[in-house]
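As provided, upload00.cif (mmCIF, N, CA and C atoms) reads as follows.
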```cif
data_upload
loop_
_atom_site.label_atom_id
_atom_site.label_comp_id
_atom_site.auth_asym_id
_atom_site.auth_seq_id
_atom_site.Cartn_x
_atom_site.Cartn_y
_atom_site.Cartn_z
N MET P 1258 -32.86 66.46 -13.62
CA MET P 1258 -31.41 66.63 -13.54
C MET P 1258 -31.12 67.86 -12.69
N SER P 1259 -30.39 67.69 -11.63
CA SER P 1259 -30.15 68.81 -10.72
C SER P 1259 -28.85 69.55 -11.02
N GLY P 1260 -27.93 68.96 -11.78
CA GLY P 1260 -26.65 69.60 -12.07
C GLY P 1260 -26.71 70.46 -13.30
N THR P 1261 -25.61 71.10 -13.60
CA THR P 1261 -25.49 71.90 -14.81
C THR P 1261 -24.26 71.45 -15.58
N LEU P 1262 -24.18 71.87 -16.82
CA LEU P 1262 -23.06 71.48 -17.67
C LEU P 1262 -22.62 72.67 -18.50
N ASN P 1263 -21.34 72.93 -18.53
CA ASN P 1263 -20.75 73.98 -19.36
C ASN P 1263 -19.59 73.33 -20.09
N LYS P 1264 -19.86 72.78 -21.27
CA LYS P 1264 -18.84 72.07 -22.03
C LYS P 1264 -18.96 72.43 -23.51
N VAL P 1265 -17.82 72.72 -24.11
CA VAL P 1265 -17.77 73.10 -25.52
C VAL P 1265 -16.82 72.14 -26.24
N LEU P 1266 -17.24 71.66 -27.40
CA LEU P 1266 -16.40 70.84 -28.28
C LEU P 1266 -16.37 71.53 -29.63
N LEU P 1267 -15.17 71.84 -30.14
CA LEU P 1267 -15.04 72.54 -31.41
C LEU P 1267 -13.94 71.92 -32.25
N ILE P 1268 -14.16 71.89 -33.56
CA ILE P 1268 -13.11 71.60 -34.53
C ILE P 1268 -13.14 72.76 -35.51
N GLY P 1269 -12.01 73.43 -35.65
CA GLY P 1269 -11.99 74.59 -36.53
C GLY P 1269 -10.57 74.98 -36.90
N TYR P 1270 -10.48 76.15 -37.56
CA TYR P 1270 -9.22 76.66 -38.08
C TYR P 1270 -8.83 77.94 -37.36
N LEU P 1271 -7.55 78.06 -37.00
CA LEU P 1271 -7.06 79.27 -36.36
C LEU P 1271 -7.16 80.44 -37.31
N GLY P 1272 -7.71 81.56 -36.82
CA GLY P 1272 -7.83 82.77 -37.61
C GLY P 1272 -6.62 83.67 -37.49
N ASP P 1273 -5.70 83.34 -36.57
CA ASP P 1273 -4.50 84.13 -36.34
C ASP P 1273 -3.53 83.28 -35.52
N ASP P 1274 -2.29 83.72 -35.44
CA ASP P 1274 -1.32 83.04 -34.58
C ASP P 1274 -1.72 83.23 -33.12
N VAL P 1275 -1.20 82.37 -32.26
CA VAL P 1275 -1.46 82.46 -30.82
C VAL P 1275 -0.75 83.71 -30.28
N LYS P 1276 -1.49 84.55 -29.58
CA LYS P 1276 -0.94 85.76 -28.95
C LYS P 1276 -0.75 85.47 -27.47
N MET P 1277 0.50 85.57 -27.01
CA MET P 1277 0.84 85.25 -25.63
C MET P 1277 0.84 86.49 -24.75
N HIS P 1278 0.42 86.30 -23.50
CA HIS P 1278 0.47 87.34 -22.48
C HIS P 1278 1.10 86.71 -21.23
N TYR P 1279 2.14 87.35 -20.70
CA TYR P 1279 2.85 86.82 -19.54
C TYR P 1279 2.56 87.66 -18.31
N PHE P 1280 2.51 87.01 -17.14
CA PHE P 1280 2.18 87.67 -15.88
C PHE P 1280 3.30 87.46 -14.88
N ASP P 1281 3.31 88.30 -13.85
CA ASP P 1281 4.25 88.11 -12.74
C ASP P 1281 3.98 86.74 -12.12
N GLY P 1282 5.02 86.10 -11.70
CA GLY P 1282 4.86 84.78 -11.09
C GLY P 1282 5.03 83.64 -12.09
N GLY P 1283 5.25 83.96 -13.37
CA GLY P 1283 5.53 82.94 -14.37
C GLY P 1283 4.33 82.39 -15.10
N ASN P 1284 3.11 82.79 -14.76
CA ASN P 1284 1.94 82.30 -15.48
C ASN P 1284 1.78 83.02 -16.81
N CYS P 1285 1.08 82.38 -17.72
CA CYS P 1285 0.83 83.00 -19.03
C CYS P 1285 -0.49 82.48 -19.60
N ILE P 1286 -1.01 83.23 -20.57
CA ILE P 1286 -2.17 82.78 -21.33
C ILE P 1286 -1.89 83.02 -22.80
N GLY P 1287 -2.52 82.20 -23.62
CA GLY P 1287 -2.48 82.38 -25.06
C GLY P 1287 -3.90 82.58 -25.55
N ARG P 1288 -4.06 83.50 -26.49
CA ARG P 1288 -5.38 83.78 -27.06
C ARG P 1288 -5.30 83.63 -28.57
N PHE P 1289 -6.37 83.07 -29.14
CA PHE P 1289 -6.46 83.01 -30.60
C PHE P 1289 -7.91 82.80 -31.03
N PRO P 1290 -8.26 83.32 -32.20
CA PRO P 1290 -9.61 83.11 -32.74
C PRO P 1290 -9.68 81.78 -33.48
N LEU P 1291 -10.81 81.11 -33.38
CA LEU P 1291 -11.04 79.84 -34.06
C LEU P 1291 -12.30 79.97 -34.90
N ALA P 1292 -12.21 79.58 -36.17
CA ALA P 1292 -13.36 79.65 -37.09
C ALA P 1292 -13.96 78.27 -37.26
N THR P 1293 -15.29 78.20 -37.12
CA THR P 1293 -16.03 76.99 -37.46
C THR P 1293 -17.01 77.38 -38.57
N ASN P 1294 -17.28 76.44 -39.46
CA ASN P 1294 -18.12 76.72 -40.62
C ASN P 1294 -19.37 75.84 -40.60
N GLU P 1295 -20.43 76.39 -41.16
CA GLU P 1295 -21.68 75.66 -41.31
C GLU P 1295 -22.18 75.86 -42.73
N THR P 1296 -22.61 74.79 -43.34
CA THR P 1296 -23.17 74.86 -44.69
C THR P 1296 -24.57 74.27 -44.66
N TYR P 1297 -25.50 74.99 -45.27
CA TYR P 1297 -26.88 74.50 -45.36
C TYR P 1297 -27.51 75.01 -46.64
N ILE P 1298 -28.63 74.43 -46.98
CA ILE P 1298 -29.38 74.81 -48.19
C ILE P 1298 -30.58 75.65 -47.77
N ASN P 1299 -30.71 76.84 -48.33
CA ASN P 1299 -31.88 77.69 -48.12
C ASN P 1299 -33.08 77.00 -48.77
N LYS P 1300 -34.07 76.64 -47.97
CA LYS P 1300 -35.22 75.88 -48.49
C LYS P 1300 -36.05 76.68 -49.48
N THR P 1301 -36.05 77.99 -49.35
CA THR P 1301 -36.83 78.84 -50.24
C THR P 1301 -36.18 78.98 -51.61
N THR P 1302 -34.88 79.26 -51.61
CA THR P 1302 -34.18 79.55 -52.87
C THR P 1302 -33.40 78.36 -53.41
N GLY P 1303 -33.12 77.37 -52.56
CA GLY P 1303 -32.29 76.24 -52.97
C GLY P 1303 -30.80 76.58 -52.99
N GLU P 1304 -30.48 77.79 -52.56
CA GLU P 1304 -29.09 78.26 -52.57
C GLU P 1304 -28.30 77.63 -51.42
N LYS P 1305 -27.05 77.25 -51.72
CA LYS P 1305 -26.15 76.73 -50.71
C LYS P 1305 -25.56 77.92 -49.94
N ILE P 1306 -25.71 77.91 -48.62
CA ILE P 1306 -25.26 79.01 -47.76
C ILE P 1306 -24.11 78.51 -46.89
N ASN P 1307 -23.02 79.27 -46.87
CA ASN P 1307 -21.88 79.00 -45.99
C ASN P 1307 -21.77 80.12 -44.98
N THR P 1308 -21.69 79.77 -43.70
CA THR P 1308 -21.51 80.78 -42.66
C THR P 1308 -20.31 80.39 -41.79
N THR P 1309 -19.65 81.40 -41.25
CA THR P 1309 -18.51 81.19 -40.37
C THR P 1309 -18.82 81.80 -39.01
N GLU P 1310 -18.57 81.04 -37.97
CA GLU P 1310 -18.72 81.52 -36.60
C GLU P 1310 -17.32 81.62 -36.00
N TRP P 1311 -17.03 82.76 -35.36
CA TRP P 1311 -15.72 82.97 -34.74
C TRP P 1311 -15.82 82.80 -33.24
N HIS P 1312 -14.87 82.06 -32.67
CA HIS P 1312 -14.82 81.78 -31.24
C HIS P 1312 -13.49 82.31 -30.70
N ASN P 1313 -13.53 82.99 -29.55
CA ASN P 1313 -12.32 83.48 -28.90
C ASN P 1313 -11.85 82.42 -27.92
N LEU P 1314 -10.67 81.85 -28.16
CA LEU P 1314 -10.15 80.77 -27.32
C LEU P 1314 -9.03 81.28 -26.42
N VAL P 1315 -8.97 80.71 -25.20
CA VAL P 1315 -7.94 81.05 -24.22
C VAL P 1315 -7.35 79.75 -23.70
N VAL P 1316 -6.02 79.65 -23.75
CA VAL P 1316 -5.30 78.52 -23.17
C VAL P 1316 -4.34 79.07 -22.12
N ARG P 1317 -4.04 78.29 -21.12
CA ARG P 1317 -3.24 78.77 -19.99
C ARG P 1317 -1.95 77.98 -19.80
N ASN P 1318 -0.93 78.70 -19.35
CA ASN P 1318 0.33 78.16 -18.87
C ASN P 1318 0.97 77.19 -19.86
N LYS P 1319 1.22 75.94 -19.45
CA LYS P 1319 1.92 74.98 -20.32
C LYS P 1319 1.17 74.76 -21.63
N ALA P 1320 -0.15 74.68 -21.55
CA ALA P 1320 -0.96 74.49 -22.75
C ALA P 1320 -0.77 75.65 -23.72
N ALA P 1321 -0.69 76.88 -23.19
CA ALA P 1321 -0.48 78.05 -24.03
C ALA P 1321 0.88 77.98 -24.73
N GLU P 1322 1.90 77.57 -24.00
CA GLU P 1322 3.24 77.46 -24.57
C GLU P 1322 3.29 76.41 -25.67
N ILE P 1323 2.59 75.30 -25.48
CA ILE P 1323 2.53 74.24 -26.50
C ILE P 1323 1.84 74.77 -27.76
N CYS P 1324 0.72 75.46 -27.57
CA CYS P 1324 -0.02 76.02 -28.72
C CYS P 1324 0.83 77.04 -29.47
N GLU P 1325 1.50 77.92 -28.74
CA GLU P 1325 2.33 78.94 -29.39
C GLU P 1325 3.44 78.29 -30.22
N LYS P 1326 4.02 77.23 -29.69
CA LYS P 1326 5.13 76.55 -30.36
C LYS P 1326 4.68 75.84 -31.64
N HIS P 1327 3.51 75.23 -31.62
CA HIS P 1327 3.11 74.34 -32.72
C HIS P 1327 2.05 74.89 -33.66
N LEU P 1328 1.29 75.90 -33.25
CA LEU P 1328 0.16 76.35 -34.07
C LEU P 1328 0.44 77.65 -34.81
N ALA P 1329 -0.18 77.79 -35.97
CA ALA P 1329 -0.11 79.01 -36.76
C ALA P 1329 -1.47 79.24 -37.42
N LYS P 1330 -1.66 80.44 -37.90
CA LYS P 1330 -2.90 80.80 -38.59
C LYS P 1330 -3.20 79.77 -39.68
N GLY P 1331 -4.45 79.28 -39.72
CA GLY P 1331 -4.87 78.31 -40.72
C GLY P 1331 -4.82 76.87 -40.26
N ASP P 1332 -4.15 76.59 -39.14
CA ASP P 1332 -4.08 75.22 -38.63
C ASP P 1332 -5.43 74.76 -38.11
N LYS P 1333 -5.67 73.45 -38.22
CA LYS P 1333 -6.92 72.85 -37.76
C LYS P 1333 -6.67 72.21 -36.40
N ILE P 1334 -7.62 72.43 -35.45
CA ILE P 1334 -7.45 71.94 -34.09
C ILE P 1334 -8.80 71.50 -33.53
N TYR P 1335 -8.76 70.49 -32.68
CA TYR P 1335 -9.93 70.05 -31.90
C TYR P 1335 -9.72 70.57 -30.49
N VAL P 1336 -10.74 71.21 -29.91
CA VAL P 1336 -10.63 71.71 -28.55
C VAL P 1336 -11.85 71.31 -27.73
N GLU P 1337 -11.62 71.14 -26.43
CA GLU P 1337 -12.68 70.99 -25.45
C GLU P 1337 -12.46 72.06 -24.40
N GLY P 1338 -13.55 72.59 -23.89
CA GLY P 1338 -13.42 73.61 -22.86
C GLY P 1338 -14.77 74.02 -22.33
N ARG P 1339 -14.80 75.23 -21.75
CA ARG P 1339 -16.04 75.76 -21.18
C ARG P 1339 -16.17 77.22 -21.56
N ILE P 1340 -17.41 77.69 -21.62
CA ILE P 1340 -17.68 79.08 -21.96
C ILE P 1340 -17.52 79.94 -20.70
N LYS P 1341 -16.85 81.06 -20.87
CA LYS P 1341 -16.63 81.99 -19.77
C LYS P 1341 -16.85 83.40 -20.29
N SER P 1342 -17.69 84.18 -19.61
CA SER P 1342 -17.91 85.58 -19.96
C SER P 1342 -17.19 86.44 -18.93
N ARG P 1343 -16.68 87.57 -19.39
CA ARG P 1343 -16.02 88.49 -18.46
C ARG P 1343 -16.25 89.92 -18.92
N GLN P 1344 -16.00 90.83 -18.01
CA GLN P 1344 -16.14 92.25 -18.31
C GLN P 1344 -14.99 93.02 -17.68
N TRP P 1345 -14.69 94.20 -18.24
CA TRP P 1345 -13.64 95.05 -17.72
C TRP P 1345 -13.93 96.49 -18.13
N GLN P 1346 -13.24 97.42 -17.48
CA GLN P 1346 -13.37 98.83 -17.81
C GLN P 1346 -12.28 99.21 -18.80
N ALA P 1347 -12.66 99.74 -19.94
CA ALA P 1347 -11.70 100.22 -20.93
C ALA P 1347 -11.12 101.55 -20.43
N GLU P 1348 -10.04 101.98 -21.09
CA GLU P 1348 -9.38 103.23 -20.69
C GLU P 1348 -10.32 104.43 -20.77
N ASP P 1349 -11.30 104.37 -21.67
CA ASP P 1349 -12.25 105.48 -21.81
C ASP P 1349 -13.41 105.39 -20.81
N GLY P 1350 -13.36 104.40 -19.90
CA GLY P 1350 -14.38 104.26 -18.87
C GLY P 1350 -15.57 103.41 -19.27
N VAL P 1351 -15.62 102.97 -20.52
CA VAL P 1351 -16.74 102.16 -21.00
C VAL P 1351 -16.54 100.71 -20.55
N THR P 1352 -17.60 100.08 -20.09
CA THR P 1352 -17.54 98.67 -19.70
C THR P 1352 -17.59 97.81 -20.96
N LYS P 1353 -16.61 96.93 -21.09
CA LYS P 1353 -16.51 96.02 -22.23
C LYS P 1353 -16.85 94.61 -21.77
N TYR P 1354 -17.41 93.82 -22.68
CA TYR P 1354 -17.80 92.45 -22.39
C TYR P 1354 -17.24 91.53 -23.47
N THR P 1355 -16.92 90.30 -23.08
CA THR P 1355 -16.51 89.30 -24.06
C THR P 1355 -16.91 87.91 -23.55
N THR P 1356 -17.07 87.01 -24.48
CA THR P 1356 -17.32 85.61 -24.16
C THR P 1356 -16.21 84.79 -24.81
N GLU P 1357 -15.60 83.92 -24.02
CA GLU P 1357 -14.45 83.14 -24.48
C GLU P 1357 -14.67 81.66 -24.19
N VAL P 1358 -13.90 80.84 -24.88
CA VAL P 1358 -13.84 79.41 -24.58
C VAL P 1358 -12.53 79.18 -23.84
N GLN P 1359 -12.64 78.77 -22.57
CA GLN P 1359 -11.47 78.42 -21.77
C GLN P 1359 -11.13 76.96 -22.10
N VAL P 1360 -10.04 76.76 -22.83
CA VAL P 1360 -9.69 75.44 -23.35
C VAL P 1360 -9.10 74.58 -22.23
N THR P 1361 -9.61 73.36 -22.10
CA THR P 1361 -9.09 72.41 -21.12
C THR P 1361 -8.35 71.25 -21.77
N GLU P 1362 -8.71 70.92 -23.01
CA GLU P 1362 -8.04 69.85 -23.75
C GLU P 1362 -8.02 70.22 -25.22
N PHE P 1363 -6.98 69.76 -25.93
CA PHE P 1363 -6.92 70.01 -27.36
C PHE P 1363 -6.10 68.96 -28.06
N THR P 1364 -6.35 68.82 -29.36
CA THR P 1364 -5.56 67.94 -30.23
C THR P 1364 -5.31 68.68 -31.53
N PHE P 1365 -4.06 68.75 -31.94
CA PHE P 1365 -3.72 69.36 -33.23
C PHE P 1365 -4.13 68.39 -34.33
N LEU P 1366 -4.88 68.87 -35.30
CA LEU P 1366 -5.29 68.03 -36.42
C LEU P 1366 -4.39 68.26 -37.62
N THR P 1367 -4.08 69.51 -37.94
CA THR P 1367 -3.07 69.84 -38.95
C THR P 1367 -2.29 71.04 -38.45
N THR P 1368 -0.98 71.01 -38.64
CA THR P 1368 -0.15 72.15 -38.26
C THR P 1368 0.85 72.45 -39.35
N LYS P 1369 1.11 73.73 -39.58
CA LYS P 1369 2.07 74.15 -40.58
C LYS P 1369 3.49 74.21 -40.02
N LYS P 1370 3.60 74.43 -38.70
CA LYS P 1370 4.92 74.58 -38.09
C LYS P 1370 5.68 73.26 -38.02
N ASP P 1371 4.95 72.13 -37.91
CA ASP P 1371 5.61 70.82 -37.84
C ASP P 1371 5.82 70.30 -39.24
N SER P 1372 7.02 69.83 -39.51
CA SER P 1372 7.32 69.35 -40.86
C SER P 1372 6.73 67.98 -41.14
N ASP P 1373 6.45 67.19 -40.12
CA ASP P 1373 5.87 65.85 -40.29
C ASP P 1373 4.35 65.97 -40.34
N PRO P 1374 3.72 65.80 -41.52
CA PRO P 1374 2.27 66.01 -41.63
C PRO P 1374 1.45 65.01 -40.84
N GLY P 1375 1.99 63.84 -40.49
CA GLY P 1375 1.24 62.84 -39.75
C GLY P 1375 1.41 62.96 -38.25
N LYS P 1376 2.13 63.99 -37.79
CA LYS P 1376 2.41 64.12 -36.37
C LYS P 1376 1.33 64.94 -35.69
N GLY P 1377 0.71 64.37 -34.67
CA GLY P 1377 -0.31 65.09 -33.92
C GLY P 1377 0.10 65.20 -32.48
N ALA P 1378 -0.37 66.22 -31.82
CA ALA P 1378 -0.08 66.39 -30.39
C ALA P 1378 -1.35 66.81 -29.70
N GLY P 1379 -1.47 66.41 -28.46
CA GLY P 1379 -2.65 66.78 -27.69
C GLY P 1379 -2.27 67.20 -26.30
N TYR P 1380 -3.23 67.78 -25.59
CA TYR P 1380 -2.97 68.23 -24.23
C TYR P 1380 -4.25 68.17 -23.43
N ASP P 1381 -4.13 67.65 -22.22
CA ASP P 1381 -5.24 67.60 -21.28
C ASP P 1381 -4.88 68.52 -20.14
N ASN P 1382 -5.41 69.74 -20.14
CA ASN P 1382 -5.06 70.76 -19.16
C ASN P 1382 -5.51 70.39 -17.76
N GLN P 1383 -6.56 69.58 -17.64
CA GLN P 1383 -7.07 69.20 -16.34
C GLN P 1383 -6.07 68.30 -15.61
N ASN P 1384 -5.37 67.46 -16.37
CA ASN P 1384 -4.41 66.54 -15.77
C ASN P 1384 -2.97 66.93 -16.04
N GLY P 1385 -2.76 67.96 -16.86
CA GLY P 1385 -1.42 68.39 -17.20
C GLY P 1385 -0.67 67.41 -18.07
N ASN P 1386 -1.39 66.60 -18.82
CA ASN P 1386 -0.76 65.58 -19.66
C ASN P 1386 -0.66 66.05 -21.09
N SER P 1387 0.53 65.93 -21.66
CA SER P 1387 0.67 66.21 -23.09
C SER P 1387 1.07 64.91 -23.76
N SER P 1388 0.70 64.79 -25.03
CA SER P 1388 1.05 63.59 -25.78
C SER P 1388 1.41 63.97 -27.18
N GLU P 1389 2.33 63.23 -27.75
CA GLU P 1389 2.66 63.39 -29.16
C GLU P 1389 2.52 62.04 -29.78
N SER P 1390 2.02 62.03 -30.99
CA SER P 1390 1.74 60.77 -31.66
C SER P 1390 2.18 60.84 -33.10
N ASN P 1391 2.68 59.75 -33.63
CA ASN P 1391 2.98 59.66 -35.05
C ASN P 1391 1.84 59.02 -35.82
N ASP P 1392 0.75 58.75 -35.12
CA ASP P 1392 -0.42 58.17 -35.74
C ASP P 1392 -1.29 59.31 -36.26
N SER P 1393 -1.65 59.26 -37.53
CA SER P 1393 -2.41 60.35 -38.12
C SER P 1393 -3.92 60.19 -37.91
N SER P 1394 -4.36 59.12 -37.25
CA SER P 1394 -5.79 58.97 -37.01
C SER P 1394 -6.17 59.67 -35.73
N PHE P 1395 -7.15 60.52 -35.80
CA PHE P 1395 -7.59 61.29 -34.63
C PHE P 1395 -9.02 60.99 -34.39
#
```

Just give me the structure of the file as structure tokens.
Amino acid sequence: MSGTLNKVLLIGYLGDDVKMHYFDGGNCIGRFPLATNETYINKTTGEKINTTEWHNLVVRNKAAEICEKHLAKGDKIYVEGRIKSRQWQAEDGVTKYTTEVQVTEFTFLTTKKDSDPGKGAGYDNQNGNSSESNDSSF
């Protein structure tokens, strides 16, 4: 195989509300943490172990506005995207690093902001398509 692949699929819960950042020219990004959980049995002790992994998610422009409008801390969401690492200089001169998931598609699985519990919405950032559905099957 000569190509490469950078694709992430996650289903998890928002750890905080979407934080928006606006830029000159009308562009914006939304950032939020997403928690995924893993449960396994320790083979030595037989103890059930639960672990949580936190992912830093970034959505852009229209997708960010949709997420800010509909999502809140604790909501469950399905996302597709790619891993992106970046670095910057902090005010104290120290180089900082982070790894984020740049979201390209998402589907709301449960939301607190929407009063209709069976209402789901999705977004395909690559094609700019948003959809809303009254079908609760995802």

### Residues within 6 Å of Thr1293 (chain P), only C-alpha atoms, excluding chain neighbours under 3 positions, as a PyMOL selection string
chain P and resi 1269+1309-1310

#### Entry: Residue contacts of region 1272-1281 of chain P (6 Å, all atoms listed in the file) excluding same-chain residues fewer than 2 positions away, as a PyMOL selection string
chain P and resi 1270+1283-1292+1325+1328-1331

### Task
Enumerate the residues of chain P with a DSSP assignment of helix (DSSP H, G or I), computed from the backbone, and present them as a list in words.
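Helix (DSSP H, G or I) members of chain P, listed: Asn1318, Lys1319, Ala1320, Ala1321, Glu1322, Ile1323, Cys1324, Glu1325, Lys1326 and His1327 of chain P.
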
#### Entry: Separation of CA of Ile1306 (chain P) from atom C of Val1358 (chain P) in Å
27.1 Å

Taking all atoms of region 1284-1299 of chain P that the file lists, what box with edges along x, y and z, padded by 3 Å per side, do you get, with centre and edge lengths in Å to one decimal, as JSON?
```
{"center_x": -15.0, "center_y": 79.0, "center_z": -31.8, "size_x": 42.2, "size_y": 15.5, "size_z": 40.0}
```

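Of note, CA of Val1316 (chain P) and CA of Val1360 (chain P) are spaced 5.4 Å apart.
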
Complete the atoms of region 1314-1323 of chain P to all heavy atoms and put them out as a PDB file, in the frame of the given file.
```pdb
ATOM      1  N   LEU P1314     -10.670  81.850 -28.160  1.00  0.00           N
ATOM      2  CA  LEU P1314     -10.150  80.770 -27.320  1.00  0.00           C
ATOM      3  C   LEU P1314      -9.030  81.280 -26.420  1.00  0.00           C
ATOM      4  O   LEU P1314      -8.237  82.137 -26.821  1.00  0.00           O
ATOM      5  CB  LEU P1314      -9.614  79.623 -28.174  1.00  0.00           C
ATOM      6  CG  LEU P1314     -10.646  78.571 -28.593  1.00  0.00           C
ATOM      7  CD1 LEU P1314     -11.800  79.147 -29.341  1.00  0.00           C
ATOM      8  CD2 LEU P1314      -9.995  77.454 -29.346  1.00  0.00           C
ATOM      9  N   VAL P1315      -8.970  80.710 -25.200  1.00  0.00           N
ATOM     10  CA  VAL P1315      -7.940  81.050 -24.220  1.00  0.00           C
ATOM     11  C   VAL P1315      -7.350  79.750 -23.700  1.00  0.00           C
ATOM     12  O   VAL P1315      -8.078  78.851 -23.271  1.00  0.00           O
ATOM     13  CB  VAL P1315      -8.523  81.870 -23.047  1.00  0.00           C
ATOM     14  CG1 VAL P1315      -7.452  82.156 -22.013  1.00  0.00           C
ATOM     15  CG2 VAL P1315      -9.135  83.160 -23.550  1.00  0.00           C
ATOM     16  N   VAL P1316      -6.020  79.650 -23.750  1.00  0.00           N
ATOM     17  CA  VAL P1316      -5.300  78.520 -23.170  1.00  0.00           C
ATOM     18  C   VAL P1316      -4.340  79.070 -22.120  1.00  0.00           C
ATOM     19  O   VAL P1316      -3.864  80.194 -22.237  1.00  0.00           O
ATOM     20  CB  VAL P1316      -4.536  77.701 -24.243  1.00  0.00           C
ATOM     21  CG1 VAL P1316      -5.485  76.882 -25.066  1.00  0.00           C
ATOM     22  CG2 VAL P1316      -3.699  78.581 -25.135  1.00  0.00           C
ATOM     23  N   ARG P1317      -4.040  78.290 -21.120  1.00  0.00           N
ATOM     24  CA  ARG P1317      -3.240  78.770 -19.990  1.00  0.00           C
ATOM     25  C   ARG P1317      -1.950  77.980 -19.800  1.00  0.00           C
ATOM     26  O   ARG P1317      -1.901  76.789 -20.050  1.00  0.00           O
ATOM     27  CB  ARG P1317      -4.055  78.691 -18.700  1.00  0.00           C
ATOM     28  CG  ARG P1317      -5.303  79.531 -18.735  1.00  0.00           C
ATOM     29  CD  ARG P1317      -6.028  79.520 -17.393  1.00  0.00           C
ATOM     30  NE  ARG P1317      -7.178  80.385 -17.435  1.00  0.00           N
ATOM     31  CZ  ARG P1317      -7.136  81.705 -17.324  1.00  0.00           C
ATOM     32  NH1 ARG P1317      -5.999  82.319 -17.167  1.00  0.00           N
ATOM     33  NH2 ARG P1317      -8.249  82.420 -17.382  1.00  0.00           N
ATOM     34  N   ASN P1318      -0.930  78.700 -19.350  1.00  0.00           N
ATOM     35  CA  ASN P1318       0.330  78.160 -18.870  1.00  0.00           C
ATOM     36  C   ASN P1318       0.970  77.190 -19.860  1.00  0.00           C
ATOM     37  O   ASN P1318       1.234  77.554 -20.991  1.00  0.00           O
ATOM     38  CB  ASN P1318       0.146  77.578 -17.468  1.00  0.00           C
ATOM     39  CG  ASN P1318      -0.316  78.657 -16.499  1.00  0.00           C
ATOM     40  OD1 ASN P1318       0.181  79.774 -16.525  1.00  0.00           O
ATOM     41  ND2 ASN P1318      -1.281  78.336 -15.656  1.00  0.00           N
ATOM     42  N   LYS P1319       1.220  75.940 -19.450  1.00  0.00           N
ATOM     43  CA  LYS P1319       1.920  74.980 -20.320  1.00  0.00           C
ATOM     44  C   LYS P1319       1.170  74.760 -21.630  1.00  0.00           C
ATOM     45  O   LYS P1319       1.772  74.667 -22.709  1.00  0.00           O
ATOM     46  CB  LYS P1319       2.112  73.663 -19.571  1.00  0.00           C
ATOM     47  CG  LYS P1319       2.844  72.596 -20.339  1.00  0.00           C
ATOM     48  CD  LYS P1319       4.311  72.920 -20.491  1.00  0.00           C
ATOM     49  CE  LYS P1319       5.038  71.736 -21.127  1.00  0.00           C
ATOM     50  NZ  LYS P1319       6.399  72.068 -21.479  1.00  0.00           N
ATOM     51  N   ALA P1320      -0.150  74.680 -21.550  1.00  0.00           N
ATOM     52  CA  ALA P1320      -0.960  74.490 -22.750  1.00  0.00           C
ATOM     53  C   ALA P1320      -0.770  75.650 -23.720  1.00  0.00           C
ATOM     54  O   ALA P1320      -0.682  75.460 -24.934  1.00  0.00           O
ATOM     55  CB  ALA P1320      -2.438  74.337 -22.382  1.00  0.00           C
ATOM     56  N   ALA P1321      -0.690  76.880 -23.190  1.00  0.00           N
ATOM     57  CA  ALA P1321      -0.480  78.050 -24.030  1.00  0.00           C
ATOM     58  C   ALA P1321       0.880  77.980 -24.730  1.00  0.00           C
ATOM     59  O   ALA P1321       1.011  78.294 -25.912  1.00  0.00           O
ATOM     60  CB  ALA P1321      -0.585  79.324 -23.195  1.00  0.00           C
ATOM     61  N   GLU P1322       1.900  77.570 -24.000  1.00  0.00           N
ATOM     62  CA  GLU P1322       3.240  77.460 -24.570  1.00  0.00           C
ATOM     63  C   GLU P1322       3.290  76.410 -25.670  1.00  0.00           C
ATOM     64  O   GLU P1322       3.938  76.600 -26.704  1.00  0.00           O
ATOM     65  CB  GLU P1322       4.249  77.150 -23.471  1.00  0.00           C
ATOM     66  CG  GLU P1322       4.406  78.300 -22.486  1.00  0.00           C
ATOM     67  CD  GLU P1322       5.195  77.929 -21.242  1.00  0.00           C
ATOM     68  OE1 GLU P1322       5.489  76.716 -21.036  1.00  0.00           O
ATOM     69  OE2 GLU P1322       5.510  78.844 -20.464  1.00  0.00           O
ATOM     70  N   ILE P1323       2.590  75.300 -25.480  1.00  0.00           N
ATOM     71  CA  ILE P1323       2.530  74.240 -26.500  1.00  0.00           C
ATOM     72  C   ILE P1323       1.840  74.770 -27.760  1.00  0.00           C
ATOM     73  O   ILE P1323       2.305  74.566 -28.877  1.00  0.00           O
ATOM     74  CB  ILE P1323       1.827  72.983 -25.949  1.00  0.00           C
ATOM     75  CG1 ILE P1323       2.688  72.321 -24.871  1.00  0.00           C
ATOM     76  CG2 ILE P1323       1.511  71.996 -27.075  1.00  0.00           C
ATOM     77  CD1 ILE P1323       1.973  71.235 -24.093  1.00  0.00           C
TER      78      ILE P1323
END
```
